[in-house]
file start-v5.txt (compact mmCIF, C-alpha atoms)
# COMPACT_ATOMS: atom_id res chain seq x y z
CA MET A 1 -73.85 47.72 23.76
CA ALA A 2 -71.70 44.54 23.47
CA VAL A 3 -68.98 44.04 26.03
CA ASN A 4 -65.51 43.05 24.68
CA PRO A 5 -64.49 39.97 26.65
CA ASP A 6 -60.80 40.84 26.08
CA PRO A 7 -60.12 44.40 27.17
CA LYS A 8 -56.64 44.31 25.44
CA PRO A 9 -57.03 42.53 22.10
CA GLY A 10 -53.76 43.93 20.72
CA ARG A 11 -51.65 42.00 23.17
CA TRP A 12 -51.77 38.88 20.88
CA ILE A 13 -50.32 40.65 17.85
CA LEU A 14 -46.70 40.80 19.00
CA PRO A 15 -46.43 37.12 19.98
CA LEU A 16 -47.96 36.12 16.62
CA VAL A 17 -45.47 38.32 14.75
CA ILE A 18 -42.55 36.83 16.68
CA LEU A 19 -43.81 33.28 16.08
CA GLY A 20 -44.11 34.03 12.37
CA MET A 21 -40.57 35.40 12.24
CA ILE A 22 -39.19 32.32 13.99
CA ALA A 23 -41.01 29.99 11.59
CA PHE A 24 -39.84 32.00 8.57
CA THR A 25 -36.23 31.99 9.78
CA TYR A 26 -36.30 28.24 10.46
CA PHE A 27 -37.57 27.28 7.01
CA PHE A 28 -35.38 29.86 5.28
CA VAL A 29 -32.20 28.58 6.94
CA ARG A 30 -33.09 24.98 6.10
CA GLU A 31 -33.21 25.86 2.42
CA LEU A 32 -29.78 27.48 2.41
CA PRO A 33 -26.95 25.40 0.82
CA GLU A 34 -24.44 23.95 3.26
CA ALA A 35 -21.49 26.25 3.85
CA SER A 36 -18.27 25.12 2.20
CA THR A 37 -15.09 26.80 3.35
CA GLU A 38 -11.88 25.56 1.80
CA THR A 39 -8.48 26.15 3.28
CA THR A 40 -5.39 25.23 1.32
CA LEU A 41 -2.11 24.75 3.13
CA VAL A 42 0.97 24.40 0.99
CA SER A 43 4.13 23.00 2.52
CA GLY A 44 6.97 21.61 0.47
CA GLY A 45 5.63 19.16 -2.09
CA ASP A 46 2.33 18.40 -0.34
CA THR A 47 -0.92 20.29 -0.86
CA THR A 48 -3.64 19.67 1.74
CA THR A 49 -7.20 20.84 1.10
CA THR A 50 -9.72 20.78 3.95
CA THR A 51 -13.43 21.21 3.21
CA ALA A 52 -15.38 22.32 6.27
CA GLY A 53 -18.80 21.63 4.81
CA SER A 54 -18.31 17.94 4.14
CA GLY A 55 -15.73 17.42 6.85
CA SER A 56 -13.42 15.67 4.40
CA THR A 57 -9.71 16.19 3.94
CA SER A 58 -7.86 15.39 0.76
CA THR A 59 -4.09 15.37 0.34
CA THR A 60 -2.46 15.71 -3.06
CA GLN A 61 1.14 14.68 -3.41
CA THR A 62 3.15 16.73 -5.87
CA GLN A 63 6.54 15.14 -6.41
CA THR A 64 9.57 16.67 -8.01
CA PRO A 65 10.47 14.68 -11.16
CA LEU A 66 13.44 12.38 -10.66
CA ASP A 67 16.51 12.65 -12.84
CA PRO A 68 16.66 10.08 -15.68
CA ASP A 69 19.42 7.97 -14.11
CA THR A 70 17.57 7.61 -10.80
CA GLN A 71 14.31 6.80 -12.58
CA ALA A 72 16.03 4.17 -14.71
CA TYR A 73 17.56 2.64 -11.58
CA LEU A 74 14.20 2.48 -9.82
CA ASP A 75 12.53 0.99 -12.90
CA THR A 76 15.12 -1.79 -13.00
CA VAL A 77 14.73 -2.45 -9.28
CA ASP A 78 10.97 -2.67 -9.77
CA GLU A 79 11.44 -5.20 -12.56
CA ILE A 80 13.75 -7.30 -10.40
CA ASN A 81 11.25 -7.14 -7.55
CA ALA A 82 8.37 -8.23 -9.75
CA SER A 83 10.37 -11.22 -11.00
CA LEU A 84 11.48 -12.12 -7.47
CA GLN A 85 7.89 -12.14 -6.23
CA VAL A 86 6.98 -14.50 -9.08
CA GLN A 87 9.83 -16.80 -8.05
CA GLY A 88 8.62 -16.64 -4.46
CA THR A 89 5.10 -17.64 -5.45
CA GLU A 90 6.51 -20.50 -7.53
CA ILE A 91 8.70 -22.00 -4.82
CA VAL A 92 5.91 -21.86 -2.23
CA THR A 93 3.39 -23.37 -4.67
CA VAL A 94 5.72 -26.23 -5.57
CA ASN A 95 6.60 -26.91 -1.95
CA ASP A 96 2.95 -26.93 -0.87
CA GLY A 97 2.10 -29.28 -3.73
CA PHE A 98 4.94 -31.61 -2.81
CA ASN A 99 3.87 -31.61 0.85
CA ALA A 100 0.20 -32.26 0.06
CA ASP A 101 -1.37 -35.55 0.99
CA PRO A 102 -2.03 -36.98 -1.51
CA ARG A 103 0.94 -35.39 -3.24
CA GLU A 104 -0.05 -32.93 -5.99
CA ILE A 105 3.46 -32.38 -7.40
CA GLU A 106 5.76 -35.35 -7.85
CA TYR A 107 9.49 -35.35 -7.18
CA PRO A 108 10.80 -34.92 -10.77
CA ASP A 109 8.53 -31.92 -11.37
CA ALA A 110 9.35 -30.41 -7.98
CA GLU A 111 13.08 -30.82 -8.55
CA SER A 112 13.07 -29.15 -11.96
CA ARG A 113 10.90 -26.27 -10.75
CA PHE A 114 13.02 -25.72 -7.62
CA GLU A 115 16.12 -25.70 -9.82
CA ALA A 116 14.51 -23.11 -12.11
CA VAL A 117 13.74 -20.89 -9.12
CA ALA A 118 17.31 -21.20 -7.84
CA ASN A 119 18.76 -20.31 -11.24
CA GLY A 120 16.28 -17.49 -11.81
CA THR A 121 16.91 -15.94 -8.41
CA THR A 122 20.67 -16.14 -8.90
CA ALA A 123 20.31 -14.27 -12.19
CA LEU A 124 18.22 -11.58 -10.50
CA ALA A 125 20.81 -11.19 -7.73
CA ASP A 126 23.54 -10.78 -10.33
CA GLN A 127 21.42 -8.22 -12.21
CA LEU A 128 20.98 -6.17 -9.04
CA ARG A 129 24.67 -6.45 -8.19
CA ALA A 130 25.57 -4.97 -11.58
CA LEU A 131 23.54 -1.82 -10.89
CA THR A 132 25.23 1.37 -9.74
CA PRO A 133 22.93 3.10 -7.25
CA PRO A 134 22.43 6.87 -7.54
CA ALA A 135 23.97 9.03 -4.85
CA GLY A 136 22.08 8.70 -1.60
CA LEU A 137 20.70 5.22 -2.37
CA GLU A 138 23.83 3.20 -1.61
CA ALA A 139 22.45 1.94 1.72
CA ASN A 140 19.21 0.91 0.09
CA GLN A 141 21.13 -0.96 -2.60
CA ALA A 142 23.09 -2.84 0.05
CA THR A 143 19.91 -3.84 1.88
CA LEU A 144 18.29 -4.97 -1.37
CA GLN A 145 21.36 -7.03 -2.23
CA THR A 146 21.38 -8.71 1.17
CA ALA A 147 17.74 -9.70 0.83
CA ILE A 148 18.02 -11.11 -2.69
CA ASP A 149 21.26 -12.94 -1.86
CA LEU A 150 19.44 -14.58 1.05
CA ALA A 151 16.67 -15.59 -1.33
CA THR A 152 19.26 -17.13 -3.65
CA VAL A 153 20.86 -19.11 -0.83
CA SER A 154 17.43 -20.22 0.39
CA ALA A 155 16.38 -21.45 -3.05
CA THR A 156 19.60 -23.47 -3.35
CA GLU A 157 19.07 -24.85 0.15
CA ALA A 158 15.47 -25.80 -0.65
CA LEU A 159 16.66 -27.74 -3.70
CA ALA A 160 19.35 -29.45 -1.64
CA GLY A 161 16.78 -30.32 1.01
CA LEU A 162 14.49 -31.81 -1.63
CA ARG A 163 17.31 -33.98 -2.95
CA SER A 164 18.40 -35.11 0.53
CA THR A 165 16.96 -37.81 2.76
CA ASP A 166 15.72 -35.15 5.15
CA THR A 167 12.12 -35.52 6.32
CA GLY A 168 11.25 -32.15 4.78
CA ASP A 169 12.11 -29.80 7.63
CA ARG A 170 15.23 -28.54 5.87
CA ARG A 171 13.35 -27.87 2.65
CA ASN A 172 10.38 -26.24 4.39
CA ALA A 173 12.66 -23.98 6.44
CA ALA A 174 14.48 -22.89 3.30
CA VAL A 175 11.23 -22.10 1.48
CA ALA A 176 10.03 -20.06 4.45
CA ALA A 177 13.36 -18.18 4.46
CA PHE A 178 12.97 -17.46 0.73
CA ASP A 179 9.46 -16.14 1.27
CA GLN A 180 10.67 -13.83 4.06
CA ALA A 181 13.60 -12.61 1.98
CA ALA A 182 11.30 -11.79 -0.94
CA SER A 183 9.01 -9.89 1.42
CA ASP A 184 11.96 -7.96 2.87
CA PHE A 185 13.13 -7.11 -0.64
CA ASP A 186 9.68 -5.79 -1.55
CA THR A 187 9.62 -3.61 1.57
CA GLU A 188 13.07 -2.21 0.81
CA VAL A 189 12.02 -1.37 -2.74
CA THR A 190 9.34 0.89 -1.25
CA ASN A 191 11.94 2.42 1.07
CA THR A 192 14.22 3.02 -1.92
CA HIS A 193 11.49 4.87 -3.80
CA ASN A 194 10.83 7.01 -0.73
CA ALA A 195 14.52 7.78 -0.31
CA ALA A 196 14.84 8.72 -3.98
CA GLY A 197 11.88 11.08 -3.64
CA SER A 198 13.42 12.71 -0.58
CA ASN A 199 16.71 13.24 -2.39
CA ALA A 200 15.04 14.79 -5.45
call {"tool": "encode", "arguments": {"input": "start-v5.txt", "output": "structure tokens"}}
result
Amino acid sequence: MAVNPDPKPGRWILPLVILGMIAFTYFFVRELPEASTETTLVSGGDTTTTTAGSGSTSTTQTQTPLDPDTQAYLDTVDEINASLQVQGTEIVTVNDGFNADPREIEYPDAESRFEAVANGTTALADQLRALTPPAGLEANQATLQTAIDLATVSATEALAGLRSTDTGDRRNAAVAAFDQAASDFDTEVTNTHNAAGSNA
């Protein structure tokens, strides 16, 4: 009669079953799609959606439509801003060309182009001054007017500096002042849009 070397052969069954269950659970869970839980929080005009699965957060702005008069005002301000930025690019380009060594823009060309910038900026300042700001945007209008008036003065000063016997410091300072004024105007345009949205 053969002797069983393992007097308790059944003791290996339970560990094998447990091992099989662990392996099955591991591979089964790996095949499951990643959980995606969305939570939507609504507050005022903003809707924020958070997706837990991807870890991403997206924010959708829902703005209340502006009244026609306010929208028309903002559209005009945007047009003035776009034209002012073009004038700013022009005056800097001409000044850099005049300062270049060798000179890339000669005096007659620089003078006529500076004069065009001065006249164009003055017209834009007058156009802005003729606007009647909607209620709540009066302070923004005043800030915009200050910036564009400074640009007008700076363009005139740059032209005067070009025509003078100054070494160029006066002209360069005026061009830098114009560039800063145009930048300030652009920033205030954004502030004006934000203020109009808050008042809607």
call {"tool": "residues_around", "arguments": {"input": "start-v5.txt", "residues": "segment 77-86 of chain A", "least_positions_apart": "4", "cutoff": "7 Å", "atoms": "only C-alpha atoms", "output": "JSON, numbers by chain"}}
result
{"A": [73, 90, 121, 124, 182, 186]}
call {"tool": "atom_distance", "arguments": {"input": "start-v5.txt", "atom1": "atom CA of Ile91 of chain A", "atom2": "atom CA of Ala118 of chain A"}}
result
9.2 Å
call {"tool": "atom_distance", "arguments": {"input": "start-v5.txt", "atom1": "atom CA of Asp101 of chain A", "atom2": "atom CA of Asp166 of chain A"}}
result
17.6 Å
call {"tool": "closest_residue", "arguments": {"input": "start-v5.txt", "among": "A:Thr89, A:Asn95, A:Thr192, A:Asn140", "to": "Asp179 of chain A", "atoms": "only C-alpha atoms"}}
result
A:Thr89
call {"tool": "closest_residue", "arguments": {"input": "start-v5.txt", "among": "A:Leu128, A:Ala135, A:Ala177, A:Ala123", "to": "Val189 of chain A", "atoms": "all atoms listed in the file"}}
result
A:Leu128
call {"tool": "residues_near_point", "arguments": {"input": "start-v5.txt", "point": "(9.2, -23.6, -11.9)", "cutoff": "8 Å", "atoms": "only C-alpha atoms", "output": "list of chain:residue names"}}
result
A:Gln87, A:Glu90, A:Ile91, A:Val94, A:Ala110, A:Ser112, A:Arg113, A:Phe114, A:Glu115, A:Ala116, A:Val117
call {"tool": "residues_around", "arguments": {"input": "start-v5.txt", "residues": "Ala72 of chain A", "least_positions_apart": "6", "cutoff": "12 Å", "atoms": "all atoms listed in the file", "output": "PyMOL selection string"}}
result
chain A and resi 66+78-79+131-134+193+196
call {"tool": "write_last_selection", "arguments": {"input": "start-v5.txt", "atoms": "C-alpha atoms", "output": "JSON list (two decimals), in the frame of the given file"}}
result
[["chain", "number", "residue", "atom", "x", "y", "z"],
["A", 66, "LEU", "CA", 13.44, 12.38, -10.66],
["A", 78, "ASP", "CA", 10.97, -2.67, -9.77],
["A", 79, "GLU", "CA", 11.44, -5.20, -12.56],
["A", 131, "LEU", "CA", 23.54, -1.82, -10.89],
["A", 132, "THR", "CA", 25.23, 1.37, -9.74],
["A", 133, "PRO", "CA", 22.93, 3.10, -7.25],
["A", 134, "PRO", "CA", 22.43, 6.87, -7.54],
["A", 193, "HIS", "CA", 11.49, 4.87, -3.80],
["A", 196, "ALA", "CA", 14.84, 8.72, -3.98]]
call {"tool": "closest_residue", "arguments": {"input": "start-v5.txt", "among": "A:Ala200, A:Ala176, A:Glu157, A:Ala125", "to": "Gln141 of chain A", "atoms": "all atoms listed in the file"}}
result
A:Ala125
call {"tool": "atom_distance", "arguments": {"input": "start-v5.txt", "atom1": "atom CA of Asp75 of chain A", "atom2": "atom CA of Asp184 of chain A"}}
result
18.1 Å
call {"tool": "closest_residue", "arguments": {"input": "start-v5.txt", "among": "A:Ala147, A:Leu159, A:Val175, A:Ala139", "to": "Pro108 of chain A", "atoms": "only C-alpha atoms"}}
result
A:Leu159
call {"tool": "residues_around", "arguments": {"input": "start-v5.txt", "residues": "Arg170 of chain A", "least_positions_apart": "3", "cutoff": "9 Å", "atoms": "all atoms listed in the file", "output": "number ranges by chain"}}
result
A: 157-158, 160-162, 166-167, 173-175
